[in-house]
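Next comes work_25.txt, with compact mmCIF, C-alpha atoms.
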```txt
# COMPACT_ATOMS: atom_id res chain seq x y z
CA SER A 35 9.49 19.94 3.10
CA GLN A 36 7.98 23.34 3.65
CA THR A 37 8.86 25.59 6.56
CA ILE A 38 7.71 29.01 7.64
CA HIS A 39 9.75 31.47 9.63
CA GLN A 40 8.79 34.57 11.52
CA TRP A 41 10.96 37.13 13.22
CA PRO A 42 11.43 38.52 15.63
CA ALA A 43 9.86 36.13 18.12
CA THR A 44 9.21 38.90 20.61
CA LEU A 45 9.31 42.65 20.30
CA VAL A 46 8.79 45.52 22.69
CA GLN A 47 8.29 48.89 21.05
CA PRO A 48 7.31 52.36 22.26
CA VAL A 49 4.11 54.01 21.09
CA GLY A 50 4.70 55.95 17.90
CA SER A 51 7.62 53.85 16.73
CA PRO A 52 7.63 51.99 13.39
CA LEU A 53 7.14 48.25 13.02
CA SER A 54 8.37 45.63 10.63
CA LEU A 55 7.60 41.94 11.10
CA GLU A 56 8.87 39.48 8.56
CA CYS A 57 7.61 36.12 7.41
CA THR A 58 9.30 33.82 4.93
CA VAL A 59 8.28 30.46 3.54
CA GLU A 60 10.61 27.80 2.21
CA GLY A 61 9.96 24.75 0.07
CA THR A 62 6.97 25.94 -1.93
CA SER A 63 6.20 28.33 -4.76
CA ASN A 64 3.45 30.91 -5.18
CA PRO A 65 1.84 30.33 -1.81
CA ASN A 66 -1.09 32.29 -0.47
CA LEU A 67 0.18 34.27 2.51
CA TYR A 68 -1.74 35.55 5.50
CA TRP A 69 -1.22 37.77 8.54
CA TYR A 70 -3.39 37.16 11.59
CA ARG A 71 -3.60 38.67 15.04
CA GLN A 72 -4.47 36.25 17.82
CA ALA A 73 -6.01 37.54 21.03
CA ALA A 74 -6.84 35.33 23.98
CA GLY A 75 -10.44 34.14 23.79
CA ARG A 76 -11.06 35.95 20.54
CA GLY A 77 -9.65 33.54 17.98
CA LEU A 78 -7.73 34.61 14.92
CA GLN A 79 -8.41 37.93 13.25
CA LEU A 80 -7.33 38.02 9.62
CA LEU A 81 -5.43 41.21 8.90
CA PHE A 82 -4.08 40.76 5.37
CA TYR A 83 -3.74 38.12 2.73
CA SER A 84 -1.86 37.87 -0.53
CA VAL A 85 -2.25 35.58 -3.51
CA GLY A 86 0.82 36.87 -5.34
CA ILE A 87 3.74 39.30 -5.36
CA GLY A 88 2.53 42.84 -4.81
CA GLN A 89 -1.09 41.70 -4.32
CA ILE A 90 -2.36 42.57 -0.86
CA SER A 91 -5.92 42.46 0.44
CA SER A 92 -6.80 44.08 3.73
CA GLU A 93 -9.55 42.62 5.83
CA VAL A 94 -9.60 45.11 8.69
CA PRO A 95 -8.88 48.84 8.39
CA GLN A 96 -6.27 49.77 10.94
CA ASN A 97 -2.86 51.15 11.66
CA LEU A 98 -1.03 48.34 9.88
CA SER A 99 0.01 47.60 6.32
CA ALA A 100 1.46 44.60 4.54
CA SER A 101 3.73 44.04 1.59
CA ARG A 102 4.90 41.08 -0.44
CA PRO A 103 8.13 42.05 -2.14
CA GLN A 104 9.06 38.49 -3.08
CA ASP A 105 7.10 35.32 -3.74
CA ARG A 106 7.75 33.81 -0.34
CA GLN A 107 8.20 36.91 1.79
CA PHE A 108 5.41 38.72 3.61
CA ILE A 109 6.00 41.81 5.74
CA LEU A 110 3.72 43.45 8.26
CA SER A 111 4.45 47.11 8.94
CA SER A 112 3.33 50.16 10.74
CA LYS A 113 4.57 53.74 10.57
CA LYS A 114 3.46 54.60 14.10
CA LEU A 115 2.48 51.95 16.60
CA LEU A 116 -0.49 52.34 18.92
CA LEU A 117 -1.00 50.69 22.28
CA SER A 118 -3.83 48.71 20.71
CA ASP A 119 -1.40 47.10 18.27
CA SER A 120 -0.04 44.91 21.05
CA GLY A 121 -0.76 41.26 20.44
CA PHE A 122 0.38 37.98 18.98
CA TYR A 123 0.90 38.06 15.23
CA LEU A 124 0.80 34.93 13.16
CA CYS A 125 1.87 34.41 9.59
CA ALA A 126 0.43 31.52 7.61
CA TRP A 127 0.65 30.08 4.13
CA SER A 128 -1.46 27.75 2.02
CA VAL A 129 -1.12 26.29 -1.43
CA SER A 130 -2.29 28.64 -4.14
CA THR A 131 -5.65 26.99 -4.88
CA THR A 132 -8.64 28.01 -2.78
CA GLY A 133 -9.98 26.36 0.31
CA ASN A 134 -6.87 24.59 1.50
CA GLU A 135 -5.45 24.13 4.96
CA GLN A 136 -3.08 26.70 6.34
CA PHE A 137 0.37 26.25 7.83
CA PHE A 138 1.26 28.64 10.60
CA GLY A 139 4.49 30.19 11.76
CA PRO A 140 5.64 30.42 15.37
CA GLY A 141 4.30 33.95 15.80
CA THR A 142 5.61 37.27 17.08
CA ARG A 143 4.62 38.64 20.47
CA LEU A 144 4.44 42.41 20.14
CA THR A 145 4.17 44.66 23.18
CA VAL A 146 3.66 48.35 22.64
CA LEU A 147 4.42 50.49 25.69
CA ALA B 241 -20.64 37.27 6.19
CA GLN B 242 -20.16 33.77 7.48
CA SER B 243 -19.51 33.10 11.13
CA VAL B 244 -18.16 30.18 13.11
CA SER B 245 -19.34 29.46 16.63
CA GLN B 246 -17.49 27.38 19.14
CA HIS B 247 -19.82 26.96 22.05
CA ASN B 248 -17.36 25.79 24.66
CA HIS B 249 -14.75 28.39 25.48
CA HIS B 250 -13.16 26.54 28.38
CA VAL B 251 -13.33 22.81 29.01
CA ILE B 252 -11.73 21.00 31.92
CA LEU B 253 -11.62 17.22 31.93
CA SER B 254 -9.89 14.41 33.72
CA GLU B 255 -7.79 11.91 31.81
CA ALA B 256 -9.81 9.15 30.11
CA ALA B 257 -12.91 11.34 29.90
CA SER B 258 -14.62 11.70 26.54
CA LEU B 259 -14.45 14.97 24.66
CA GLU B 260 -16.79 16.70 22.28
CA LEU B 261 -16.21 20.27 21.15
CA GLY B 262 -18.96 21.94 19.20
CA CYS B 263 -18.54 23.96 16.03
CA ASN B 264 -21.35 25.51 14.01
CA TYR B 265 -21.10 27.75 10.99
CA SER B 266 -23.44 30.00 9.11
CA TYR B 267 -22.72 29.43 5.42
CA GLY B 268 -25.18 27.66 3.19
CA GLY B 269 -22.95 26.60 0.33
CA THR B 270 -20.10 24.16 -0.10
CA VAL B 271 -17.49 24.45 2.62
CA ASN B 272 -14.15 23.04 3.61
CA LEU B 273 -13.90 22.42 7.33
CA PHE B 274 -10.90 22.30 9.63
CA TRP B 275 -9.91 21.80 13.21
CA TYR B 276 -6.59 23.25 14.29
CA VAL B 277 -4.79 22.74 17.58
CA GLN B 278 -2.27 24.88 19.41
CA TYR B 279 -0.34 23.04 22.10
CA PRO B 280 1.34 25.18 24.75
CA GLY B 281 4.38 26.85 23.23
CA GLN B 282 3.87 25.32 19.80
CA HIS B 283 2.68 26.41 16.37
CA LEU B 284 -0.95 26.27 15.44
CA GLN B 285 -1.28 23.06 13.43
CA LEU B 286 -3.90 21.11 11.54
CA LEU B 287 -5.72 18.41 13.49
CA LEU B 288 -8.08 17.25 10.75
CA LYS B 289 -9.99 18.48 7.73
CA TYR B 290 -13.07 17.73 5.69
CA PHE B 291 -13.41 18.56 2.01
CA SER B 292 -15.88 15.94 0.71
CA GLY B 293 -16.79 12.29 1.00
CA ASP B 294 -17.23 10.42 4.27
CA PRO B 295 -18.56 12.98 6.77
CA LEU B 296 -16.70 11.25 9.61
CA VAL B 297 -13.07 12.23 9.37
CA LYS B 298 -10.19 11.03 11.45
CA GLY B 299 -7.23 13.13 12.40
CA ILE B 300 -4.05 12.86 14.36
CA LYS B 301 -3.80 11.63 17.94
CA GLY B 302 -7.13 9.78 17.93
CA PHE B 303 -9.32 12.79 17.17
CA GLU B 304 -12.27 12.62 14.82
CA ALA B 305 -14.93 15.02 13.63
CA GLU B 306 -18.31 14.58 12.05
CA PHE B 307 -19.74 16.89 9.43
CA ILE B 308 -23.52 17.15 9.68
CA LYS B 309 -24.61 19.29 6.79
CA SER B 310 -28.22 19.68 7.95
CA LYS B 311 -27.00 21.09 11.25
CA PHE B 312 -24.14 23.16 9.82
CA SER B 313 -21.92 21.48 12.37
CA PHE B 314 -18.46 19.97 12.52
CA ASN B 315 -17.96 18.72 16.06
CA LEU B 316 -14.66 17.39 17.29
CA ARG B 317 -14.54 14.22 19.39
CA LYS B 318 -12.11 12.01 21.20
CA PRO B 319 -13.29 9.03 23.23
CA SER B 320 -10.56 9.21 25.87
CA VAL B 321 -8.46 12.33 26.40
CA GLN B 322 -4.93 12.43 27.71
CA TRP B 323 -3.04 15.06 29.67
CA SER B 324 -1.08 15.81 26.48
CA ASP B 325 -4.31 16.94 24.77
CA THR B 326 -4.23 20.11 26.85
CA ALA B 327 -4.29 22.80 24.18
CA GLU B 328 -6.39 25.40 22.41
CA TYR B 329 -8.63 24.11 19.63
CA PHE B 330 -9.91 26.17 16.73
CA CYS B 331 -12.59 25.34 14.23
CA ALA B 332 -12.29 26.98 10.80
CA VAL B 333 -14.59 27.11 7.81
CA ASN B 334 -13.58 27.98 4.27
CA PRO B 335 -16.40 28.56 1.79
CA GLY B 336 -15.86 26.84 -1.51
CA GLY B 337 -13.87 29.02 -3.88
CA SER B 338 -12.55 31.30 -1.15
CA TYR B 339 -8.99 31.94 -0.06
CA ILE B 340 -10.15 33.11 3.33
CA PRO B 341 -11.15 30.84 6.20
CA THR B 342 -13.21 32.04 9.13
CA PHE B 343 -12.02 30.88 12.52
CA GLY B 344 -14.00 30.29 15.65
CA ARG B 345 -12.92 31.92 18.91
CA GLY B 346 -11.25 28.76 20.11
CA THR B 347 -11.75 26.36 22.99
CA SER B 348 -9.21 26.02 25.74
CA LEU B 349 -9.01 22.41 26.89
CA ILE B 350 -7.30 21.49 30.13
CA VAL B 351 -6.90 17.81 30.95
CA HIS B 352 -5.99 16.91 34.51
CA PRO B 353 -3.83 13.81 35.00
```

Structure encoded using structure tokens:
Amino acid sequence: SQTIHQWPATLVQPVGSPLSLECTVEGTSNPNLYWYRQAAGRGLQLLFYSVGIGQISSEVPQNLSASRPQDRQFILSSKKLLLSDSGFYLCAWSVSTTGNEQFFGPGTRLTVL
Amino acid sequence: AQSVSQHNHHVILSEAASLELGCNYSYGGTVNLFWYVQYPGQHLQLLLKYFSGDPLVKGIKGFEAEFIKSKFSFNLRKPSVQWSDTAEYFCAVNPGGSYIPTFGRGTSLIVHP
């Protein structure tokens, strides 16, 4: 069966520090991968998605970037964190055809101080 | 761009009450429709989905949803809620041929025992 992992689960970082959040998927090949930010009462904001290795699409211009160095690995990064980057970050995957359901990871709670 | 509206942001019910959560979307073409649920402390997970066929779909834990194309709606229902249904519920719409779903803002449901 397929599983999705995210780490770390929680992270507290100072303003201006770098960020690296990792997401890996097991039990499937060539998944679509997604990064979301979830804010209370505001739903899920899609940040990035990827349909293949090295292919990244950004939905919202911001202080973050994403990379997909391997088929089932998706990384969310920042060179310098802002206070506004605080939030709950979710990684998700779906099968490679369009329009399918997504499977979500446990999330990372990021606090920028 | 398409949008998804969930009209009820906070719902409080007593056990055994009936539930209906509204979801409307603004896309005129073929869509795939989803309801996701996030129980306290758990991953966001699929509750039910509609791709085609019978517009009344049944999901896990006694939930169902009805797709009404003329109203651009996909409302979620349960005839008798339980305390364990306390969770956040998200409606999502994926236009045909798209990798990217649009999520509603979510509805927080609290069920009192």

Checklist outcome for this item: What separates atom CA of B:Val244 and atom CA of B:Gly337 is a distance of 17.6 Å

Checklist entry - Is there a way to get, as an NGL selection string, all residues within 10 Å of the point (5.1, 39.6, 21.8) in file coordinates, counting only C-alpha atoms? => result :A and (42-47 or 120-123 or 141-146)

Under the rule of at most 9 Å, produce a per-residue listing of chain B near chain A: chain, number, name, the closest pair of atoms, and the distance in Å, as a tab-separated table, using only C-alpha atoms.
```
residue	atom	partner	partner_atom	distance
B:His249	CA	A:Gly75	CA	7.4
B:Val271	CA	A:Gly133	CA	8.1
B:Asn272	CA	A:Gly133	CA	6.3
B:Leu273	CA	A:Glu135	CA	8.9
B:Phe274	CA	A:Glu135	CA	7.4
B:Gly281	CA	A:Pro140	CA	8.7
B:Gln282	CA	A:Pro140	CA	7.0
B:His283	CA	A:Pro140	CA	5.1
B:Leu284	CA	A:Phe138	CA	5.8
B:Gln285	CA	A:Phe137	CA	6.7
B:Leu286	CA	A:Glu135	CA	7.4
B:Lys289	CA	A:Glu135	CA	7.8
B:Phe291	CA	A:Gly133	CA	8.7
B:Phe330	CA	A:Gly77	CA	7.5
B:Val333	CA	A:Gly133	CA	8.8
B:Asn334	CA	A:Gly133	CA	5.6
B:Pro335	CA	A:Gly133	CA	6.9
B:Gly336	CA	A:Gly133	CA	6.2
B:Gly337	CA	A:Thr132	CA	5.4
B:Ser338	CA	A:Thr132	CA	5.4
B:Tyr339	CA	A:Thr132	CA	4.8
B:Ile340	CA	A:Gly133	CA	7.4
B:Pro341	CA	A:Gly133	CA	7.5
B:Thr342	CA	A:Leu78	CA	8.4
B:Phe343	CA	A:Leu78	CA	6.2
B:Gly344	CA	A:Gly77	CA	5.9
B:Arg345	CA	A:Gly77	CA	3.8
B:Gly346	CA	A:Gly77	CA	5.5
B:Thr347	CA	A:Gly75	CA	7.9
B:Ser348	CA	A:Gly75	CA	8.4
```

Could you write out the selected residues, including C-alpha atoms, as a PDB file, in the frame of the given file?
```
ATOM      1  CA  HIS B 249     -14.750  28.390  25.480  1.00  0.00           C
ATOM      2  CA  VAL B 271     -17.490  24.450   2.620  1.00  0.00           C
ATOM      3  CA  ASN B 272     -14.150  23.040   3.610  1.00  0.00           C
ATOM      4  CA  LEU B 273     -13.900  22.420   7.330  1.00  0.00           C
ATOM      5  CA  PHE B 274     -10.900  22.300   9.630  1.00  0.00           C
ATOM      6  CA  GLY B 281       4.380  26.850  23.230  1.00  0.00           C
ATOM      7  CA  GLN B 282       3.870  25.320  19.800  1.00  0.00           C
ATOM      8  CA  HIS B 283       2.680  26.410  16.370  1.00  0.00           C
ATOM      9  CA  LEU B 284      -0.950  26.270  15.440  1.00  0.00           C
ATOM     10  CA  GLN B 285      -1.280  23.060  13.430  1.00  0.00           C
ATOM     11  CA  LEU B 286      -3.900  21.110  11.540  1.00  0.00           C
ATOM     12  CA  LYS B 289      -9.990  18.480   7.730  1.00  0.00           C
ATOM     13  CA  PHE B 291     -13.410  18.560   2.010  1.00  0.00           C
ATOM     14  CA  PHE B 330      -9.910  26.170  16.730  1.00  0.00           C
ATOM     15  CA  VAL B 333     -14.590  27.110   7.810  1.00  0.00           C
ATOM     16  CA  ASN B 334     -13.580  27.980   4.270  1.00  0.00           C
ATOM     17  CA  PRO B 335     -16.400  28.560   1.790  1.00  0.00           C
ATOM     18  CA  GLY B 336     -15.860  26.840  -1.510  1.00  0.00           C
ATOM     19  CA  GLY B 337     -13.870  29.020  -3.880  1.00  0.00           C
ATOM     20  CA  SER B 338     -12.550  31.300  -1.150  1.00  0.00           C
ATOM     21  CA  TYR B 339      -8.990  31.940  -0.060  1.00  0.00           C
ATOM     22  CA  ILE B 340     -10.150  33.110   3.330  1.00  0.00           C
ATOM     23  CA  PRO B 341     -11.150  30.840   6.200  1.00  0.00           C
ATOM     24  CA  THR B 342     -13.210  32.040   9.130  1.00  0.00           C
ATOM     25  CA  PHE B 343     -12.020  30.880  12.520  1.00  0.00           C
ATOM     26  CA  GLY B 344     -14.000  30.290  15.650  1.00  0.00           C
ATOM     27  CA  ARG B 345     -12.920  31.920  18.910  1.00  0.00           C
ATOM     28  CA  GLY B 346     -11.250  28.760  20.110  1.00  0.00           C
ATOM     29  CA  THR B 347     -11.750  26.360  22.990  1.00  0.00           C
ATOM     30  CA  SER B 348      -9.210  26.020  25.740  1.00  0.00           C
TER      31      SER B 348
END
```

Checklist entry - Given the choices A:Val94, A:Leu147, A:Val59, A:Leu81, which gets closest to A:Leu117 if the distance is worked out from all atoms listed in the file? => result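 That would be A:Leu147, the residue with the smallest distance to A:Leu117.
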
Report the centre and edge lengths, in Å to one decimal, of an axis-aligned box enclosing every atom of stretch 54-57 of chain A listed in the file, padded by 8 Å on each side, as lines of an AutoDock Vina configuration file.
```
center_x = 8.2
center_y = 40.9
center_z = 9.3
size_x = 17.3
size_y = 25.5
size_z = 19.7
```

Checklist entry - At what distance in Å, to one decimal, does atom CA of A:Ile87 lie from atom CA of A:Glu56? => result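 According to the coordinates, atom CA of A:Glu56 and atom CA of A:Ile87 are separated by 14.8 Å.
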
Checklist entry - Distance atom CA of B:Phe314-atom CA of A:Pro65, one decimal place? => result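 These atoms are spaced 26.9 Å apart.
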